[in-house]
Amino acid sequence: MFSRRQILQNVSAGFGYLAFAGISSTAAAQESEQQNPLAPKTPHFPAKAKRVIFLCMQGGPSHVDTFDYKPALAKDHGKAGKYGGSLLKSPWQFRQRGDSGLWISDLFPEVAKQADDLTLIRSMQCDQPVHPGAMTQMHTGTAQFIRPSLGAWTLYGLGTENDSLPGFVSLSPPSGSSRNFGSAFLPAIYGGAKVGRGGRNQQRFARAGGAGEIVPDIKNPKMTKRQQRSQLNLIQALNQDKLRREEFQPGVEGIIESYELAFRMQDAMPELMDTSKESAATLAMYGADGGDTENFGKQCLLARRFVEAGVRFVEVTHGSWDQHVNLSGDHQVRADACDRPIAGLLKDLKQRDMLKDTLVIWGGEFGRTPAAQGGDGRNHNNKGYTTWMAGGGVKGGFSYGATDTHGYEAVENKCHIHDWHATILHLLGLDHTQLTYRYAGRDFRLTDVHGVVAKDILA
């Protein structure tokens with residue numbers, strides 16, 4: 001063991017401490033490279049999609065007011081619903097869009113213009129009728145236990161294409177949602193990097209001109225980069241020494257990897273998140289140039305910049321879709337804020353020839369009831385709702401599955417959340433039954449012992 005004085009004397013020597021501890025800098029670098037858990041990995045089979053952008057609509061947007069056309073609901077408006085209450089017709093008109101003729105409501109007029117790139121999954125189901133459980137199941141496959149998130153499993157299975165950036169980024173997640181982008185028992189390096197915060201802090205996120213306000217502690221005002229490297233070399237040498245002594249220390253391994261990534265991020269992140277060089281036309285396309293769309297527009301633009309730079313999985317959250325009352329007013333406000341940015345994202349990816357291998361996913365944790373709640377609201381509905389996918393190997397202008405006449409529950413080609421996860425992994429070239437991790441004496445997977453790939457949606 002070395003004395004505290006001996007260690008401190010070698011802090012300023014940088015790589016000198018590595019030699020002092022019996023480790024050459026070259027050997028340490030080679031060891032680190034060989035053990036890099038984020039290195040790109042070969043998928044199980046040829047992939048359609050290389051990356052994912054998940055547009056998470058927190059709160060449960062109403063499927064019967066957005067992407068699931070129910071003419072019988074308008075016809076039977078005011079009649080008694082299947083489970084009580086009065087049926088409530090949609091305040092928005094549905095129209096057939098694009099060459100494919102997909103029925104989409106006026107709530108999303110800009111997204112509707114991209115209908116021929118969408119696959120609508122109108123038969124979604126999950127097990128939880130309450131927000132926390134449904135959100136957790138949508139992200140991790142279970143509501144009962146702490147499990148790795150979809151993004152963490154994706155990164156674990158495929159690695160990333162840029163070792164100076166996190167492989168999984170969660171933009172402005174709501175407070176208390178760490179499970180949604182966590183790694184659980186997977187090594188910590190596979191967890192999502194939180195960038196910005198949801199709720200009241202989203203406006204500050206939108207106005208931020210540099211990464212310093214968005215990624216905490218991305219800069220060290222007290223030390224030069226060389227001094228930081230010297231300090232980090234010392235810390236990593238001590239960590240490597242602990243690993244050699246104790247052989248298995250996943251927590252220490254995670255620290256080593258995350259420290260190195262954080263050091264590299266200091267150069268990469270500020271430049272990547274600086275959107276000032278984007279053209280006025282691009283900013284306008286996303287609605288990132290002002291108004292109610294600026295916040296979510298900038299996040300969608302950053303999502304494109306992240307995946308373009310090699311990030312494997314990006315989640316962007318848009319909240320407050322939980323309209324038990326004032327559905328006609330508040331759903332409109334929510335849609336107005338994200339319709340143009342989402343359409344801009346799809347158009348931008350397409351014009352950059354990226355949509356073909358970027359899987360864009362849209363959806364909330366569940367849908368809403370056809371029956372009214374409080375006159376102008378809808379309750380939670382986990383038995384039948386809609387999500388959609390675009391690009392990344394799915395059919396364009398396609399509708400999969402169906403709910404019953406009024407939209408209460410899925411009745412055709414039911415797509416449980418496990419099936420949804422299995423399909424997403426399949427598009428990424430990953431067999432959900434083979435993507436496993438040994439923990440607590442058993443092999444775990446995202447889909448547990450369930451999941452069937454919805455092959456009909458594959459292009």
# chains A, B, ... in the order shown; residues from 1 in each chain; ligands from 1

$ residues_around --residues "A:Leu158" --least-positions-apart "2" --cutoff "7 Å" --atoms "only C-alpha atoms" --output "ChimeraX atom specification"
/A:40-43,154-156,160

$ write_last_selection --atoms "C-alpha atoms" --output "compact mmCIF listing (two decimals), in the first residue's frame"
# COMPACT_ATOMS: atom_id res chain seq x y z
CA PRO A 40 -20.37 -1.56 -31.53
CA LYS A 41 -21.65 -5.14 -31.47
CA THR A 42 -22.88 -7.37 -34.25
CA PRO A 43 -26.67 -7.94 -34.05
CA THR A 154 -30.75 -1.72 -26.84
CA LEU A 155 -27.39 -0.27 -25.85
CA TYR A 156 -26.39 -3.52 -24.15
CA THR A 160 -22.83 2.65 -29.68

$ closest_atom_pairs --of "stretch 369-445 of chain A" --to "stretch 110-130 of chain A" --cutoff "9 Å" --atoms "only C-alpha atoms" --output "JSON lines"
{"residue": "A:His380", "atom": "CA", "partner": "A:Pro129", "partner_atom": "CA", "distance": 6.1}
{"residue": "A:Asn381", "atom": "CA", "partner": "A:Pro129", "partner_atom": "CA", "distance": 6.4}
{"residue": "A:Asn382", "atom": "CA", "partner": "A:Pro129", "partner_atom": "CA", "distance": 5.4}
{"residue": "A:Lys383", "atom": "CA", "partner": "A:Gln125", "partner_atom": "CA", "distance": 4.9}
{"residue": "A:Gly384", "atom": "CA", "partner": "A:Met124", "partner_atom": "CA", "distance": 5.3}
{"residue": "A:Tyr385", "atom": "CA", "partner": "A:Met124", "partner_atom": "CA", "distance": 5.1}
{"residue": "A:Thr386", "atom": "CA", "partner": "A:Arg122", "partner_atom": "CA", "distance": 4.3}
{"residue": "A:Thr387", "atom": "CA", "partner": "A:Ile121", "partner_atom": "CA", "distance": 5.3}
{"residue": "A:Trp388", "atom": "CA", "partner": "A:Leu120", "partner_atom": "CA", "distance": 4.5}
{"residue": "A:Met389", "atom": "CA", "partner": "A:Thr119", "partner_atom": "CA", "distance": 5.3}
{"residue": "A:Ala390", "atom": "CA", "partner": "A:Leu118", "partner_atom": "CA", "distance": 4.8}
{"residue": "A:Gly391", "atom": "CA", "partner": "A:Asp117", "partner_atom": "CA", "distance": 6.7}
{"residue": "A:Val394", "atom": "CA", "partner": "A:Thr119", "partner_atom": "CA", "distance": 6.7}
{"residue": "A:Lys395", "atom": "CA", "partner": "A:Thr119", "partner_atom": "CA", "distance": 6.0}
{"residue": "A:Gly396", "atom": "CA", "partner": "A:Asp117", "partner_atom": "CA", "distance": 4.0}
{"residue": "A:Gly397", "atom": "CA", "partner": "A:Asp116", "partner_atom": "CA", "distance": 3.9}
{"residue": "A:Phe398", "atom": "CA", "partner": "A:Thr119", "partner_atom": "CA", "distance": 4.7}
{"residue": "A:Ser399", "atom": "CA", "partner": "A:Leu120", "partner_atom": "CA", "distance": 4.7}
{"residue": "A:Tyr400", "atom": "CA", "partner": "A:Ile121", "partner_atom": "CA", "distance": 4.9}
{"residue": "A:Gly401", "atom": "CA", "partner": "A:Ser123", "partner_atom": "CA", "distance": 4.8}
{"residue": "A:Ala402", "atom": "CA", "partner": "A:Ser123", "partner_atom": "CA", "distance": 5.0}
{"residue": "A:Thr403", "atom": "CA", "partner": "A:Ser123", "partner_atom": "CA", "distance": 5.8}
{"residue": "A:Glu409", "atom": "CA", "partner": "A:Ser123", "partner_atom": "CA", "distance": 7.6}
{"residue": "A:Ala410", "atom": "CA", "partner": "A:Ser123", "partner_atom": "CA", "distance": 4.7}
{"residue": "A:Val411", "atom": "CA", "partner": "A:Ser123", "partner_atom": "CA", "distance": 7.2}
{"residue": "A:Glu412", "atom": "CA", "partner": "A:Ser123", "partner_atom": "CA", "distance": 6.8}
{"residue": "A:Asn413", "atom": "CA", "partner": "A:Ser123", "partner_atom": "CA", "distance": 6.6}
{"residue": "A:Lys414", "atom": "CA", "partner": "A:Ser123", "partner_atom": "CA", "distance": 5.1}
{"residue": "A:Cys415", "atom": "CA", "partner": "A:Met124", "partner_atom": "CA", "distance": 4.8}
{"residue": "A:His416", "atom": "CA", "partner": "A:Gln125", "partner_atom": "CA", "distance": 4.6}
{"residue": "A:Ile417", "atom": "CA", "partner": "A:Cys126", "partner_atom": "CA", "distance": 5.5}
{"residue": "A:His418", "atom": "CA", "partner": "A:Cys126", "partner_atom": "CA", "distance": 8.4}
{"residue": "A:Trp420", "atom": "CA", "partner": "A:Met124", "partner_atom": "CA", "distance": 8.1}

$ residues_around --residues "A:Lys70" --least-positions-apart "3" --cutoff "12 Å" --atoms "only C-alpha atoms" --output "count of residues only"
30

$ closest_residue --among "A:Arg245, A:Arg197, A:His450, A:Arg352" --to "A:Arg304" --atoms "only C-alpha atoms"
A:Arg352

$ atom_distance --atom1 "atom CA of A:Lys225" --atom2 "atom CA of A:Thr275"
24.4 Å

$ closest_residue --among "A:Leu186, A:Leu234, A:Ala39, A:Val360" --to "A:Asn162" --atoms "only C-alpha atoms"
A:Ala39

$ select_by_dssp --residues "stretch 166-395 of chain A" --states "strand (DSSP E)" --output "MDAnalysis selection string"
chainID A and resid 168:171 193:195 313:318 358:363 367:368 380:381 385:390

$ write_last_selection --atoms "C-alpha atoms" --output "compact mmCIF listing (two decimals), in the first residue's frame"
# COMPACT_ATOMS: atom_id res chain seq x y z
CA PHE A 168 -28.53 6.30 -24.66
CA VAL A 169 -29.88 9.80 -24.03
CA SER A 170 -33.12 10.82 -22.32
CA LEU A 171 -34.06 14.40 -23.17
CA ALA A 193 -27.86 9.96 -19.68
CA LYS A 194 -30.42 12.51 -18.53
CA VAL A 195 -30.15 15.76 -20.47
CA PHE A 313 -31.18 5.41 -28.51
CA VAL A 314 -32.78 8.80 -27.79
CA GLU A 315 -35.98 9.33 -25.85
CA VAL A 316 -37.84 12.64 -25.93
CA THR A 317 -40.70 13.13 -23.47
CA HIS A 318 -43.73 15.33 -24.01
CA THR A 358 -33.84 5.21 -37.90
CA LEU A 359 -36.84 3.79 -36.07
CA VAL A 360 -39.09 6.60 -34.80
CA ILE A 361 -41.66 5.53 -32.20
CA TRP A 362 -44.59 7.57 -30.89
CA GLY A 363 -46.89 6.63 -28.03
CA GLY A 367 -55.09 5.40 -24.31
CA ARG A 368 -58.38 6.81 -23.09
CA HIS A 380 -57.54 5.74 -18.66
CA ASN A 381 -57.77 2.81 -21.08
CA TYR A 385 -54.92 2.16 -27.73
CA THR A 386 -52.62 3.34 -30.52
CA THR A 387 -48.89 3.85 -30.99
CA TRP A 388 -47.08 4.36 -34.27
CA MET A 389 -43.70 3.68 -35.82
CA ALA A 390 -41.97 5.20 -38.82

$ select_by_dssp --residues "stretch 30-129 of chain A" --states "alpha helix (DSSP H)" --output "short mmCIF file (atom, residue, chain, number, x, y, z; two decimals) with N, CA and C atoms, in the first residue's frame"
data_model
loop_
_atom_site.label_atom_id
_atom_site.label_comp_id
_atom_site.auth_asym_id
_atom_site.auth_seq_id
_atom_site.Cartn_x
_atom_site.Cartn_y
_atom_site.Cartn_z
N GLN A 30 -4.81 -0.20 -23.55
CA GLN A 30 -5.20 -1.41 -24.25
C GLN A 30 -6.23 -2.20 -23.45
N GLU A 31 -6.02 -2.24 -22.13
CA GLU A 31 -6.95 -2.96 -21.28
C GLU A 31 -8.33 -2.31 -21.33
N SER A 32 -8.34 -0.98 -21.30
CA SER A 32 -9.60 -0.25 -21.34
C SER A 32 -10.33 -0.48 -22.66
N GLU A 33 -9.56 -0.47 -23.77
CA GLU A 33 -10.16 -0.66 -25.09
C GLU A 33 -10.75 -2.05 -25.24
N GLN A 34 -10.02 -3.06 -24.74
CA GLN A 34 -10.50 -4.43 -24.86
C GLN A 34 -11.78 -4.65 -24.06
N PRO A 71 -66.14 5.94 -36.44
CA PRO A 71 -67.38 6.63 -36.86
C PRO A 71 -68.58 6.27 -36.00
N ALA A 72 -68.59 5.04 -35.44
CA ALA A 72 -69.70 4.63 -34.58
C ALA A 72 -69.74 5.46 -33.29
N LEU A 73 -68.59 5.97 -32.89
CA LEU A 73 -68.53 6.78 -31.67
C LEU A 73 -69.28 8.10 -31.89
N ALA A 74 -69.13 8.66 -33.08
CA ALA A 74 -69.87 9.89 -33.41
C ALA A 74 -71.36 9.59 -33.57
N LYS A 75 -71.66 8.47 -34.19
CA LYS A 75 -73.05 8.09 -34.41
C LYS A 75 -73.78 7.84 -33.09
N PRO A 109 -52.42 17.71 -37.79
CA PRO A 109 -52.43 17.97 -39.24
C PRO A 109 -51.08 17.86 -39.91
N GLU A 110 -49.99 18.23 -39.21
CA GLU A 110 -48.66 18.16 -39.82
C GLU A 110 -48.15 16.72 -39.85
N VAL A 111 -48.33 16.00 -38.77
CA VAL A 111 -47.95 14.58 -38.77
C VAL A 111 -48.76 13.83 -39.82
N ALA A 112 -50.02 14.23 -39.99
CA ALA A 112 -50.88 13.58 -40.97
C ALA A 112 -50.31 13.66 -42.38
#

$ closest_residue --among "A:Val325, A:Lys242, A:Gln58, A:Gly133" --to "A:Ala372" --atoms "only C-alpha atoms"
A:Val325

$ closest_residue --among "A:Lys277, A:His324, A:Arg51, A:Arg340" --to "A:Asn295" --atoms "only C-alpha atoms"
A:Arg340

$ closest_atom_pairs --of "stretch 321-355 of chain A" --to "stretch 280-290 of chain A" --cutoff "10 Å" --atoms "only C-alpha atoms" --output "Markdown table"
| residue | atom | partner | partner_atom | distance |
| --- | --- | --- | --- | --- |
| A:Ala337 | CA | A:Gly287 | CA | 8.8 |
| A:Cys338 | CA | A:Gly287 | CA | 8.8 |
| A:Asp339 | CA | A:Gly287 | CA | 9.3 |
| A:Arg340 | CA | A:Tyr286 | CA | 6.1 |
| A:Pro341 | CA | A:Tyr286 | CA | 4.3 |
| A:Ile342 | CA | A:Tyr286 | CA | 7.3 |
| A:Ala343 | CA | A:Tyr286 | CA | 7.5 |
| A:Gly344 | CA | A:Tyr286 | CA | 4.6 |
| A:Leu345 | CA | A:Tyr286 | CA | 6.6 |
| A:Leu346 | CA | A:Tyr286 | CA | 9.6 |
| A:Lys347 | CA | A:Met285 | CA | 8.4 |
| A:Asp348 | CA | A:Thr282 | CA | 8.0 |

$ closest_residue --among "A:Gln240, A:Ser178, A:Gln332, A:Thr423" --to "A:Asp106" --atoms "only C-alpha atoms"
A:Gln332

$ atom_distance --atom1 "atom CA of A:His426" --atom2 "atom CA of A:Gly59"
27.0 Å

$ residues_around --residues "A:Val333" --least-positions-apart "5" --cutoff "12 Å" --atoms "only C-alpha atoms" --output "ChimeraX atom specification"
/A:107-108,292-293,318-321,323,326-328,338-339
